[in-house]
>>> print(open('final.pdb').read())   # PDB, N, CA and C atoms
ATOM      1  N   MET O   1     -24.054  32.221 -15.821
ATOM      2  CA  MET O   1     -22.894  31.498 -15.366
ATOM      3  C   MET O   1     -22.563  30.376 -16.361
ATOM      4  N   GLN O   2     -21.277  30.207 -16.657
ATOM      5  CA  GLN O   2     -20.837  29.207 -17.615
ATOM      6  C   GLN O   2     -20.651  27.855 -16.924
ATOM      7  N   LYS O   3     -21.061  26.793 -17.633
ATOM      8  CA  LYS O   3     -20.909  25.446 -17.089
ATOM      9  C   LYS O   3     -19.440  25.023 -17.115
ATOM     10  N   SER O   4     -19.040  24.274 -16.106
ATOM     11  CA  SER O   4     -17.683  23.753 -16.054
ATOM     12  C   SER O   4     -17.501  22.666 -17.101
ATOM     13  N   THR O   5     -16.350  22.653 -17.767
ATOM     14  CA  THR O   5     -16.074  21.622 -18.763
ATOM     15  C   THR O   5     -15.360  20.421 -18.155
ATOM     16  N   ILE O   6     -15.018  20.521 -16.892
ATOM     17  CA  ILE O   6     -14.335  19.419 -16.216
ATOM     18  C   ILE O   6     -15.371  18.411 -15.735
ATOM     19  N   GLN O   7     -15.185  17.174 -16.123
ATOM     20  CA  GLN O   7     -16.096  16.108 -15.727
ATOM     21  C   GLN O   7     -15.538  15.385 -14.495
ATOM     22  N   PRO O   8     -16.402  15.048 -13.546
ATOM     23  CA  PRO O   8     -15.931  14.321 -12.372
ATOM     24  C   PRO O   8     -15.528  12.893 -12.738
ATOM     25  N   GLY O   9     -14.695  12.313 -11.914
ATOM     26  CA  GLY O   9     -14.277  10.927 -12.136
ATOM     27  C   GLY O   9     -13.080  10.829 -13.052
ATOM     28  N   ARG O  10     -12.687   9.605 -13.321
ATOM     29  CA  ARG O  10     -11.539   9.403 -14.200
ATOM     30  C   ARG O  10     -12.003   9.128 -15.622
ATOM     31  N   PRO O  11     -11.128   9.351 -16.592
ATOM     32  CA  PRO O  11     -11.499   9.126 -17.995
ATOM     33  C   PRO O  11     -11.863   7.663 -18.248
ATOM     34  N   THR O  12     -12.736   7.428 -19.186
ATOM     35  CA  THR O  12     -13.148   6.081 -19.548
ATOM     36  C   THR O  12     -11.933   5.237 -19.925
ATOM     37  N   GLY O  13     -11.894   4.033 -19.396
ATOM     38  CA  GLY O  13     -10.817   3.110 -19.728
ATOM     39  C   GLY O  13      -9.585   3.213 -18.856
ATOM     40  N   THR O  14      -9.570   4.130 -17.899
ATOM     41  CA  THR O  14      -8.416   4.247 -17.019
ATOM     42  C   THR O  14      -8.713   3.572 -15.687
ATOM     43  N   SER O  15      -7.671   3.250 -15.002
ATOM     44  CA  SER O  15      -7.813   2.573 -13.712
ATOM     45  C   SER O  15      -6.830   3.173 -12.724
ATOM     46  N   THR O  16      -7.216   3.241 -11.469
ATOM     47  CA  THR O  16      -6.286   3.723 -10.453
ATOM     48  C   THR O  16      -5.548   2.564  -9.809
ATOM     49  N   TYR O  17      -5.934   1.330 -10.141
ATOM     50  CA  TYR O  17      -5.286   0.166  -9.550
ATOM     51  C   TYR O  17      -4.128  -0.279 -10.422
ATOM     52  N   GLU O  18      -2.940  -0.297  -9.838
ATOM     53  CA  GLU O  18      -1.753  -0.771 -10.542
ATOM     54  C   GLU O  18      -1.222  -1.963  -9.772
ATOM     55  N   SER O  19      -1.425  -3.146 -10.322
ATOM     56  CA  SER O  19      -1.113  -4.368  -9.584
ATOM     57  C   SER O  19       0.367  -4.497  -9.234
ATOM     58  N   GLU O  20       1.268  -4.071 -10.122
ATOM     59  CA  GLU O  20       2.697  -4.207  -9.828
ATOM     60  C   GLU O  20       3.084  -3.370  -8.615
ATOM     61  N   SER O  21       2.612  -2.141  -8.577
ATOM     62  CA  SER O  21       2.910  -1.268  -7.438
ATOM     63  C   SER O  21       2.289  -1.801  -6.160
ATOM     64  N   ALA O  22       1.061  -2.259  -6.263
ATOM     65  CA  ALA O  22       0.371  -2.799  -5.088
ATOM     66  C   ALA O  22       1.093  -4.023  -4.543
ATOM     67  N   LEU O  23       1.527  -4.905  -5.423
ATOM     68  CA  LEU O  23       2.259  -6.104  -4.992
ATOM     69  C   LEU O  23       3.589  -5.739  -4.349
ATOM     70  N   ALA O  24       4.310  -4.796  -4.959
ATOM     71  CA  ALA O  24       5.612  -4.385  -4.426
ATOM     72  C   ALA O  24       5.462  -3.740  -3.052
ATOM     73  N   PHE O  25       4.431  -2.916  -2.879
ATOM     74  CA  PHE O  25       4.193  -2.292  -1.576
ATOM     75  C   PHE O  25       3.817  -3.352  -0.549
ATOM     76  N   GLY O  26       2.930  -4.243  -0.923
ATOM     77  CA  GLY O  26       2.515  -5.315  -0.007
ATOM     78  C   GLY O  26       3.685  -6.176   0.437
ATOM     79  N   GLN O  27       4.579  -6.485  -0.490
ATOM     80  CA  GLN O  27       5.777  -7.274  -0.146
ATOM     81  C   GLN O  27       6.654  -6.519   0.837
ATOM     82  N   ALA O  28       6.777  -5.219   0.641
ATOM     83  CA  ALA O  28       7.601  -4.402   1.545
ATOM     84  C   ALA O  28       7.000  -4.367   2.941
ATOM     85  N   VAL O  29       5.683  -4.217   3.026
ATOM     86  CA  VAL O  29       5.011  -4.197   4.324
ATOM     87  C   VAL O  29       5.175  -5.541   5.025
ATOM     88  N   ARG O  30       4.888  -6.612   4.307
ATOM     89  CA  ARG O  30       4.978  -7.953   4.908
ATOM     90  C   ARG O  30       6.399  -8.262   5.370
ATOM     91  N   ALA O  31       7.387  -7.924   4.547
ATOM     92  CA  ALA O  31       8.785  -8.198   4.916
ATOM     93  C   ALA O  31       9.165  -7.452   6.190
ATOM     94  N   ALA O  32       8.763  -6.192   6.296
ATOM     95  CA  ALA O  32       9.084  -5.405   7.492
ATOM     96  C   ALA O  32       8.367  -5.970   8.714
ATOM     97  N   ARG O  33       7.117  -6.354   8.541
ATOM     98  CA  ARG O  33       6.343  -6.913   9.662
ATOM     99  C   ARG O  33       6.934  -8.237  10.139
ATOM    100  N   VAL O  34       7.244  -9.114   9.201
ATOM    101  CA  VAL O  34       7.806 -10.424   9.547
ATOM    102  C   VAL O  34       9.185 -10.265  10.188
ATOM    103  N   ALA O  35       9.986  -9.331   9.678
ATOM    104  CA  ALA O  35      11.324  -9.083  10.242
ATOM    105  C   ALA O  35      11.228  -8.652  11.699
ATOM    106  N   GLN O  36      10.135  -8.002  12.054
ATOM    107  CA  GLN O  36       9.933  -7.565  13.435
ATOM    108  C   GLN O  36       9.255  -8.632  14.282
ATOM    109  N   GLY O  37       8.849  -9.739  13.647
ATOM    110  CA  GLY O  37       8.201 -10.826  14.379
ATOM    111  C   GLY O  37       6.819 -10.490  14.895
ATOM    112  N   VAL O  38       6.097  -9.663  14.149
ATOM    113  CA  VAL O  38       4.762  -9.227  14.578
ATOM    114  C   VAL O  38       3.705  -9.967  13.753
ATOM    115  N   ALA O  39       2.708 -10.522  14.432
ATOM    116  CA  ALA O  39       1.607 -11.197  13.751
ATOM    117  C   ALA O  39       0.758 -10.178  13.011
ATOM    118  N   GLN O  40       0.121 -10.628  11.930
ATOM    119  CA  GLN O  40      -0.657  -9.714  11.102
ATOM    120  C   GLN O  40      -1.813  -9.075  11.874
ATOM    121  N   ASP O  41      -2.497  -9.843  12.730
ATOM    122  CA  ASP O  41      -3.621  -9.267  13.466
ATOM    123  C   ASP O  41      -3.170  -8.213  14.465
ATOM    124  N   GLU O  42      -2.042  -8.450  15.126
ATOM    125  CA  GLU O  42      -1.496  -7.451  16.049
ATOM    126  C   GLU O  42      -1.058  -6.203  15.286
ATOM    127  N   PHE O  43      -0.419  -6.410  14.147
ATOM    128  CA  PHE O  43       0.043  -5.288  13.332
ATOM    129  C   PHE O  43      -1.128  -4.453  12.825
ATOM    130  N   ALA O  44      -2.173  -5.129  12.345
ATOM    131  CA  ALA O  44      -3.359  -4.416  11.869
ATOM    132  C   ALA O  44      -3.968  -3.583  12.992
ATOM    133  N   SER O  45      -3.971  -4.136  14.180
ATOM    134  CA  SER O  45      -4.490  -3.400  15.338
ATOM    135  C   SER O  45      -3.653  -2.147  15.602
ATOM    136  N   ARG O  46      -2.339  -2.287  15.523
ATOM    137  CA  ARG O  46      -1.442  -1.130  15.701
ATOM    138  C   ARG O  46      -1.711  -0.038  14.670
ATOM    139  N   ALA O  47      -2.006  -0.465  13.434
ATOM    140  CA  ALA O  47      -2.241   0.482  12.339
ATOM    141  C   ALA O  47      -3.691   0.971  12.310
ATOM    142  N   VAL O  48      -4.504   0.447  13.191
ATOM    143  CA  VAL O  48      -5.918   0.803  13.310
ATOM    144  C   VAL O  48      -6.683   0.519  12.009
ATOM    145  N   ILE O  49      -6.487  -0.690  11.484
ATOM    146  CA  ILE O  49      -7.281  -1.163  10.352
ATOM    147  C   ILE O  49      -7.629  -2.625  10.606
ATOM    148  N   SER O  50      -8.590  -3.131   9.866
ATOM    149  CA  SER O  50      -8.984  -4.521  10.077
ATOM    150  C   SER O  50      -7.902  -5.472   9.561
ATOM    151  N   ARG O  51      -7.859  -6.666  10.130
ATOM    152  CA  ARG O  51      -6.876  -7.648   9.708
ATOM    153  C   ARG O  51      -7.117  -8.052   8.257
ATOM    154  N   SER O  52      -8.390  -8.157   7.848
ATOM    155  CA  SER O  52      -8.672  -8.543   6.465
ATOM    156  C   SER O  52      -8.207  -7.466   5.478
ATOM    157  N   HIS O  53      -8.329  -6.206   5.860
ATOM    158  CA  HIS O  53      -7.840  -5.122   5.008
ATOM    159  C   HIS O  53      -6.311  -5.171   4.907
ATOM    160  N   MET O  54      -5.661  -5.417   6.044
ATOM    161  CA  MET O  54      -4.196  -5.538   6.028
ATOM    162  C   MET O  54      -3.772  -6.709   5.149
ATOM    163  N   ASP O  55      -4.514  -7.795   5.219
ATOM    164  CA  ASP O  55      -4.203  -8.951   4.386
ATOM    165  C   ASP O  55      -4.287  -8.585   2.907
ATOM    166  N   LYS O  56      -5.313  -7.821   2.520
ATOM    167  CA  LYS O  56      -5.454  -7.395   1.123
ATOM    168  C   LYS O  56      -4.288  -6.495   0.706
ATOM    169  N   ILE O  57      -3.847  -5.636   1.593
ATOM    170  CA  ILE O  57      -2.708  -4.760   1.283
ATOM    171  C   ILE O  57      -1.450  -5.599   1.083
ATOM    172  N   GLU O  58      -1.198  -6.533   2.012
ATOM    173  CA  GLU O  58       0.017  -7.354   1.919
ATOM    174  C   GLU O  58       0.011  -8.259   0.689
ATOM    175  N   ARG O  59      -1.169  -8.666   0.229
ATOM    176  CA  ARG O  59      -1.246  -9.520  -0.963
ATOM    177  C   ARG O  59      -1.327  -8.714  -2.254
ATOM    178  N   GLY O  60      -1.315  -7.369  -2.149
ATOM    179  CA  GLY O  60      -1.351  -6.534  -3.336
ATOM    180  C   GLY O  60      -2.718  -6.431  -3.968
ATOM    181  N   LYS O  61      -3.759  -6.689  -3.196
ATOM    182  CA  LYS O  61      -5.130  -6.620  -3.707
ATOM    183  C   LYS O  61      -5.766  -5.262  -3.440
ATOM    184  N   HIS O  62      -5.069  -4.414  -2.695
ATOM    185  CA  HIS O  62      -5.583  -3.091  -2.377
ATOM    186  C   HIS O  62      -4.434  -2.088  -2.377
ATOM    187  N   VAL O  63      -4.676  -0.923  -2.957
ATOM    188  CA  VAL O  63      -3.692   0.157  -2.945
ATOM    189  C   VAL O  63      -4.104   1.134  -1.849
ATOM    190  N   PRO O  64      -3.293   1.247  -0.793
ATOM    191  CA  PRO O  64      -3.682   2.123   0.313
ATOM    192  C   PRO O  64      -3.520   3.602  -0.027
ATOM    193  N   THR O  65      -4.300   4.416   0.666
ATOM    194  CA  THR O  65      -4.205   5.865   0.526
ATOM    195  C   THR O  65      -2.978   6.361   1.287
ATOM    196  N   LEU O  66      -2.602   7.607   1.045
ATOM    197  CA  LEU O  66      -1.463   8.190   1.753
ATOM    198  C   LEU O  66      -1.653   8.156   3.274
ATOM    199  N   PRO O  67      -2.813   8.555   3.806
ATOM    200  CA  PRO O  67      -2.964   8.488   5.262
ATOM    201  C   PRO O  67      -2.776   7.063   5.804
ATOM    202  N   LEU O  68      -3.234   6.071   5.053
ATOM    203  CA  LEU O  68      -3.069   4.687   5.491
ATOM    204  C   LEU O  68      -1.602   4.256   5.407
ATOM    205  N   ILE O  69      -0.900   4.687   4.378
ATOM    206  CA  ILE O  69       0.538   4.388   4.271
ATOM    207  C   ILE O  69       1.277   4.961   5.474
ATOM    208  N   LEU O  70       0.913   6.168   5.867
ATOM    209  CA  LEU O  70       1.555   6.784   7.034
ATOM    210  C   LEU O  70       1.239   6.026   8.316
ATOM    211  N   ARG O  71       0.004   5.546   8.459
ATOM    212  CA  ARG O  71      -0.343   4.736   9.640
ATOM    213  C   ARG O  71       0.410   3.418   9.639
ATOM    214  N   ILE O  72       0.555   2.816   8.468
ATOM    215  CA  ILE O  72       1.289   1.555   8.360
ATOM    216  C   ILE O  72       2.751   1.762   8.735
ATOM    217  N   SER O  73       3.368   2.810   8.210
ATOM    218  CA  SER O  73       4.780   3.055   8.522
ATOM    219  C   SER O  73       4.960   3.354  10.010
ATOM    220  N   THR O  74       4.022   4.071  10.612
ATOM    221  CA  THR O  74       4.089   4.349  12.054
ATOM    222  C   THR O  74       3.974   3.048  12.841
ATOM    223  N   ALA O  75       3.057   2.178  12.441
ATOM    224  CA  ALA O  75       2.886   0.890  13.122
ATOM    225  C   ALA O  75       4.127   0.016  12.978
ATOM    226  N   LEU O  76       4.824   0.164  11.845
ATOM    227  CA  LEU O  76       6.064  -0.593  11.630
ATOM    228  C   LEU O  76       7.262   0.055  12.319
ATOM    229  N   ARG O  77       7.061   1.283  12.785
ATOM    230  CA  ARG O  77       8.126   2.067  13.425
ATOM    231  C   ARG O  77       9.288   2.336  12.463
ATOM    232  N   ILE O  78       8.911   2.567  11.201
ATOM    233  CA  ILE O  78       9.883   2.983  10.185
ATOM    234  C   ILE O  78       9.278   4.185   9.454
ATOM    235  N   SER O  79      10.083   4.911   8.725
ATOM    236  CA  SER O  79       9.560   6.061   7.997
ATOM    237  C   SER O  79       8.829   5.588   6.737
ATOM    238  N   ALA O  80       7.926   6.424   6.278
ATOM    239  CA  ALA O  80       7.237   6.143   5.020
ATOM    240  C   ALA O  80       8.252   6.101   3.872
ATOM    241  N   ALA O  81       9.309   6.904   3.991
ATOM    242  CA  ALA O  81      10.359   6.917   2.964
ATOM    243  C   ALA O  81      11.052   5.551   2.890
ATOM    244  N   GLU O  82      11.326   4.952   4.048
ATOM    245  CA  GLU O  82      11.944   3.622   4.053
ATOM    246  C   GLU O  82      11.020   2.592   3.402
ATOM    247  N   LEU O  83       9.737   2.716   3.684
ATOM    248  CA  LEU O  83       8.760   1.798   3.106
ATOM    249  C   LEU O  83       8.682   1.969   1.592
ATOM    250  N   MET O  84       8.746   3.214   1.123
ATOM    251  CA  MET O  84       8.722   3.471  -0.316
ATOM    252  C   MET O  84      10.012   2.991  -0.989
ATOM    253  N   THR O  85      11.137   3.140  -0.292
ATOM    254  CA  THR O  85      12.412   2.647  -0.837
ATOM    255  C   THR O  85      12.353   1.136  -1.031
ATOM    256  N   ALA O  86      11.806   0.441  -0.045
ATOM    257  CA  ALA O  86      11.660  -1.016  -0.159
ATOM    258  C   ALA O  86      10.699  -1.369  -1.298
ATOM    259  N   THR O  87       9.648  -0.592  -1.453
ATOM    260  CA  THR O  87       8.695  -0.816  -2.541
ATOM    261  C   THR O  87       9.380  -0.638  -3.893
ATOM    262  N   GLU O  88      10.163   0.418  -4.020
ATOM    263  CA  GLU O  88      10.883   0.652  -5.283
ATOM    264  C   GLU O  88      11.873  -0.472  -5.569
ATOM    265  N   ARG O  89      12.539  -0.956  -4.535
ATOM    266  CA  ARG O  89      13.462  -2.089  -4.694
ATOM    267  C   ARG O  89      12.715  -3.310  -5.217
ATOM    268  N   ASN O  90      11.533  -3.569  -4.660
ATOM    269  CA  ASN O  90      10.723  -4.705  -5.114
ATOM    270  C   ASN O  90      10.284  -4.532  -6.556
ATOM    271  N   LEU O  91       9.939  -3.311  -6.938
ATOM    272  CA  LEU O  91       9.549  -3.057  -8.329
ATOM    273  C   LEU O  91      10.706  -3.307  -9.287
ATOM    274  N   ARG O  92      11.899  -2.829  -8.901
ATOM    275  CA  ARG O  92      13.082  -3.061  -9.744
ATOM    276  C   ARG O  92      13.392  -4.542  -9.856
ATOM    277  N   ALA O  93      13.234  -5.273  -8.780
ATOM    278  CA  ALA O  93      13.525  -6.706  -8.789
ATOM    279  C   ALA O  93      12.577  -7.438  -9.745
ATOM    280  N   GLU O  94      11.341  -6.944  -9.869
ATOM    281  CA  GLU O  94      10.382  -7.561 -10.777
ATOM    282  C   GLU O  94      10.732  -7.310 -12.231
ATOM    283  N   THR O  95      11.356  -6.170 -12.513
ATOM    284  CA  THR O  95      11.644  -5.814 -13.907
ATOM    285  C   THR O  95      13.057  -6.177 -14.352
ATOM    286  N   ASP O  96      13.951  -6.435 -13.386
ATOM    287  CA  ASP O  96      15.329  -6.818 -13.742
ATOM    288  C   ASP O  96      15.339  -8.247 -14.289
ATOM    289  N   PRO O  97      16.102  -8.457 -15.372
ATOM    290  CA  PRO O  97      16.172  -9.812 -15.950
ATOM    291  C   PRO O  97      16.978 -10.760 -15.112
TER     292      PRO O  97
END
>>> encode(input="final.pdb", output="structure tokens")
Amino acid sequence: MQKSTIQPGRPTGTSTYESESALAFGQAVRAARVAQGVAQDEFASRAVISRSHMDKIERGKHVPTLPLILRISTALRISAAELMTATERNLRAETDP
């Protein structure tokens, strides 16, 4: 049997954390939550995650997985597409002069 040439993990020097995207997503989540007048601890409970984890997401210190994004959008009672649209808007606002 021939050995696989594919190595597990990511290539040396690469990162899966992109701070600009994480910040833009966190801003979108926080804006939607605040617009609804929901406290962060109540919102985290709705999304079934810890309040400290939600805080990291809102501050752009953590990039959530797809299942978590879907739970967040459900807790916000908006579509994941709306959340991504707001994230893209935030990204454009950061790069526009």
>>> resolve_selection(input="final.pdb", expression="the PyMOL selection byres ((chain O and resi 39-56) around 8)", output="list in words")
Ala22, Gly26, Arg33, Val34, Gln36, Gly37, Val38, Ile57, Glu58, Arg59, Gly60, Lys61, His62, Val63, Pro64, Leu68, Leu70, Arg71, Ile72, Ser73, Thr74, Ala75 and Leu76 of chain O
>>> atom_distance(input="final.pdb", atom1="atom N of Glu18 (chain O)", atom2="atom C of Arg77 (chain O)")
25.6 Å
>>> atom_distance(input="final.pdb", atom1="atom N of Gln27 (chain O)", atom2="CA of Leu66 (chain O)")
16.0 Å
>>> select_by_dssp(input="final.pdb", residues="region 4-92 of chain O", states="alpha helix (DSSP H)", output="PyMOL selection string")
chain O and resi 19-35+40-47+51-58+66-76+80-92
>>> atom_distance(input="final.pdb", atom1="CA of Leu23 (chain O)", atom2="atom C of Arg89 (chain O)")
10.8 Å
>>> build_atoms(input="final.pdb", residues="region 43-65 of chain O", atoms="N, CA, C and O atoms", output="compact mmCIF listing (two decimals), keeping the file's coordinate frame")
# COMPACT_ATOMS: atom_id res chain seq x y z
N PHE O 43 -0.42 -6.41 14.15
CA PHE O 43 0.04 -5.29 13.33
C PHE O 43 -1.13 -4.45 12.82
O PHE O 43 -1.10 -3.23 12.88
N ALA O 44 -2.17 -5.13 12.34
CA ALA O 44 -3.36 -4.42 11.87
C ALA O 44 -3.97 -3.58 12.99
O ALA O 44 -4.39 -2.44 12.77
N SER O 45 -3.97 -4.14 14.18
CA SER O 45 -4.49 -3.40 15.34
C SER O 45 -3.65 -2.15 15.60
O SER O 45 -4.20 -1.07 15.87
N ARG O 46 -2.34 -2.29 15.52
CA ARG O 46 -1.44 -1.13 15.70
C ARG O 46 -1.71 -0.04 14.67
O ARG O 46 -1.62 1.14 14.97
N ALA O 47 -2.01 -0.46 13.43
CA ALA O 47 -2.24 0.48 12.34
C ALA O 47 -3.69 0.97 12.31
O ALA O 47 -4.04 1.81 11.48
N VAL O 48 -4.50 0.45 13.19
CA VAL O 48 -5.92 0.80 13.31
C VAL O 48 -6.68 0.52 12.01
O VAL O 48 -7.40 1.36 11.49
N ILE O 49 -6.49 -0.69 11.48
CA ILE O 49 -7.28 -1.16 10.35
C ILE O 49 -7.63 -2.62 10.61
O ILE O 49 -7.01 -3.28 11.45
N SER O 50 -8.59 -3.13 9.87
CA SER O 50 -8.98 -4.52 10.08
C SER O 50 -7.90 -5.47 9.56
O SER O 50 -7.15 -5.13 8.65
N ARG O 51 -7.86 -6.67 10.13
CA ARG O 51 -6.88 -7.65 9.71
C ARG O 51 -7.12 -8.05 8.26
O ARG O 51 -6.18 -8.23 7.48
N SER O 52 -8.39 -8.16 7.85
CA SER O 52 -8.67 -8.54 6.46
C SER O 52 -8.21 -7.47 5.48
O SER O 52 -7.73 -7.79 4.39
N HIS O 53 -8.33 -6.21 5.86
CA HIS O 53 -7.84 -5.12 5.01
C HIS O 53 -6.31 -5.17 4.91
O HIS O 53 -5.74 -5.01 3.82
N MET O 54 -5.66 -5.42 6.04
CA MET O 54 -4.20 -5.54 6.03
C MET O 54 -3.77 -6.71 5.15
O MET O 54 -2.79 -6.61 4.40
N ASP O 55 -4.51 -7.80 5.22
CA ASP O 55 -4.20 -8.95 4.39
C ASP O 55 -4.29 -8.59 2.91
O ASP O 55 -3.41 -8.96 2.11
N LYS O 56 -5.31 -7.82 2.52
CA LYS O 56 -5.45 -7.40 1.12
C LYS O 56 -4.29 -6.50 0.71
O LYS O 56 -3.80 -6.60 -0.42
N ILE O 57 -3.85 -5.64 1.59
CA ILE O 57 -2.71 -4.76 1.28
C ILE O 57 -1.45 -5.60 1.08
O ILE O 57 -0.73 -5.44 0.10
N GLU O 58 -1.20 -6.53 2.01
CA GLU O 58 0.02 -7.35 1.92
C GLU O 58 0.01 -8.26 0.69
O GLU O 58 1.06 -8.58 0.16
N ARG O 59 -1.17 -8.67 0.23
CA ARG O 59 -1.25 -9.52 -0.96
C ARG O 59 -1.33 -8.71 -2.25
O ARG O 59 -1.39 -9.28 -3.34
N GLY O 60 -1.32 -7.37 -2.15
CA GLY O 60 -1.35 -6.53 -3.34
C GLY O 60 -2.72 -6.43 -3.97
O GLY O 60 -2.84 -6.08 -5.14
N LYS O 61 -3.76 -6.69 -3.20
CA LYS O 61 -5.13 -6.62 -3.71
C LYS O 61 -5.77 -5.26 -3.44
O LYS O 61 -6.88 -5.01 -3.87
N HIS O 62 -5.07 -4.41 -2.70
CA HIS O 62 -5.58 -3.09 -2.38
C HIS O 62 -4.43 -2.09 -2.38
O HIS O 62 -3.36 -2.39 -1.87
N VAL O 63 -4.68 -0.92 -2.96
CA VAL O 63 -3.69 0.16 -2.94
C VAL O 63 -4.10 1.13 -1.85
O VAL O 63 -5.15 1.76 -1.94
N PRO O 64 -3.29 1.25 -0.79
CA PRO O 64 -3.68 2.12 0.31
C PRO O 64 -3.52 3.60 -0.03
O PRO O 64 -2.72 3.98 -0.87
N THR O 65 -4.30 4.42 0.67
CA THR O 65 -4.20 5.86 0.53
C THR O 65 -2.98 6.36 1.29
O THR O 65 -2.40 5.64 2.10
